[in-house]
Amino acid sequence: MKLLEIQSSPRGKSSDSITLTKSFVEACKSDSPSIVVDTLNVWHERLPEFDEEAIGAKYKAVKHETMTEAESKVWERIQSLIQRFQNADRIVLGTPMWNFGLPYKLKQLIDLVAQRNYLFTYDGKQYGPLLRVEKAIAVYTRGSRYLEGTPIPPSFDHQAPYLDFWLRLIGVRDLRSVIVDNAWNRDREESEASLANGKANLERLIEWFLH
């Protein structure tokens, strides 16, 4: 089984989302030593900018037009990133909430790999998935929580709904989300309890994830 682990926090060992996903992946490896893990940390990958060359390559690829040298170079890099998704049987993705959304480097990765005819199809009317990822887990950590009657009600959630939608769009057949609210605030006891609960929820998903 090939497992793609996506890390999107720059905080390394201090990151709650990375700590949780790494712990889950290690537990999976203990249960199933044959698992091959590909760790994609968006801060370590030197992701190419989605600039004029990249978007030029995107449109020329769809139209089967000849690319410039610069476009071909960035397209090769984009293809190498796409291949890591195509190789995966399972995906584990962890992300903190930044300014009520996703870290910009994670969005950059999505913009690079979400290419028509590679991760999804579109015929002008309908979208279709191209990956065959049987199961995936998305771990969301948040310093606070969405709550009705506050400036950030659940309807304002720009983190989990978008990423859950995107993972299903490209071909994740069974997706489970683990949300850890109040992971960082003034009440350290509350934060520690929330993180412990998130870890316990992940541990309960190991058997489902591996089979």
# chains A, B, ... in the order shown; residues from 1 in each chain; ligands from 1
call {"tool": "residues_around", "arguments": {"residues": "region 74-84 of chain A", "least_positions_apart": "4", "cutoff": "9 Å", "atoms": "only C-alpha atoms", "output": "JSON, numbers by chain"}}
result
{"A": [4, 38, 40, 47, 48, 49, 53, 54, 57, 58, 61, 69, 70, 88, 109, 112, 113, 114, 115, 118, 119]}
call {"tool": "residues_around", "arguments": {"residues": "Gly128 (chain A)", "least_positions_apart": "5", "cutoff": "8 Å", "atoms": "only C-alpha atoms", "output": "short mmCIF file (atom, residue, chain, number, x, y, z; two decimals) with C-alpha atoms, in the first residue's frame"}}
result
data_model
loop_
_atom_site.label_atom_id
_atom_site.label_comp_id
_atom_site.auth_asym_id
_atom_site.auth_seq_id
_atom_site.Cartn_x
_atom_site.Cartn_y
_atom_site.Cartn_z
CA PHE A 120 -10.09 15.26 -12.88
CA THR A 121 -12.06 15.53 -16.09
CA TYR A 122 -14.39 18.27 -17.26
CA LEU A 169 -13.54 15.80 -6.66
CA ILE A 170 -10.20 14.27 -7.65
#
call {"tool": "closest_residue", "arguments": {"among": "A:Leu147, A:Leu202, A:Leu131, A:Ala138", "to": "Leu93 (chain A)", "atoms": "only C-alpha atoms"}}
result
A:Ala138
call {"tool": "residues_around", "arguments": {"residues": "Val36 (chain A)", "least_positions_apart": "6", "cutoff": "8 Å", "atoms": "only C-alpha atoms", "output": "PyMOL selection string"}}
result
chain A and resi 1-3
call {"tool": "write_last_selection", "arguments": {"atoms": "C-alpha atoms", "output": "PDB file, in the first residue's frame"}}
result
ATOM      1  CA  MET A   1       0.000   0.000   0.000  1.00  0.00           C
ATOM      2  CA  LYS A   2       1.302   3.447  -0.936  1.00  0.00           C
ATOM      3  CA  LEU A   3       0.389   6.263   1.429  1.00  0.00           C
TER       4      LEU A   3
END
call {"tool": "atom_distance", "arguments": {"atom1": "CA of Pro10 (chain A)", "atom2": "CA of Trp43 (chain A)"}}
result
6.1 Å
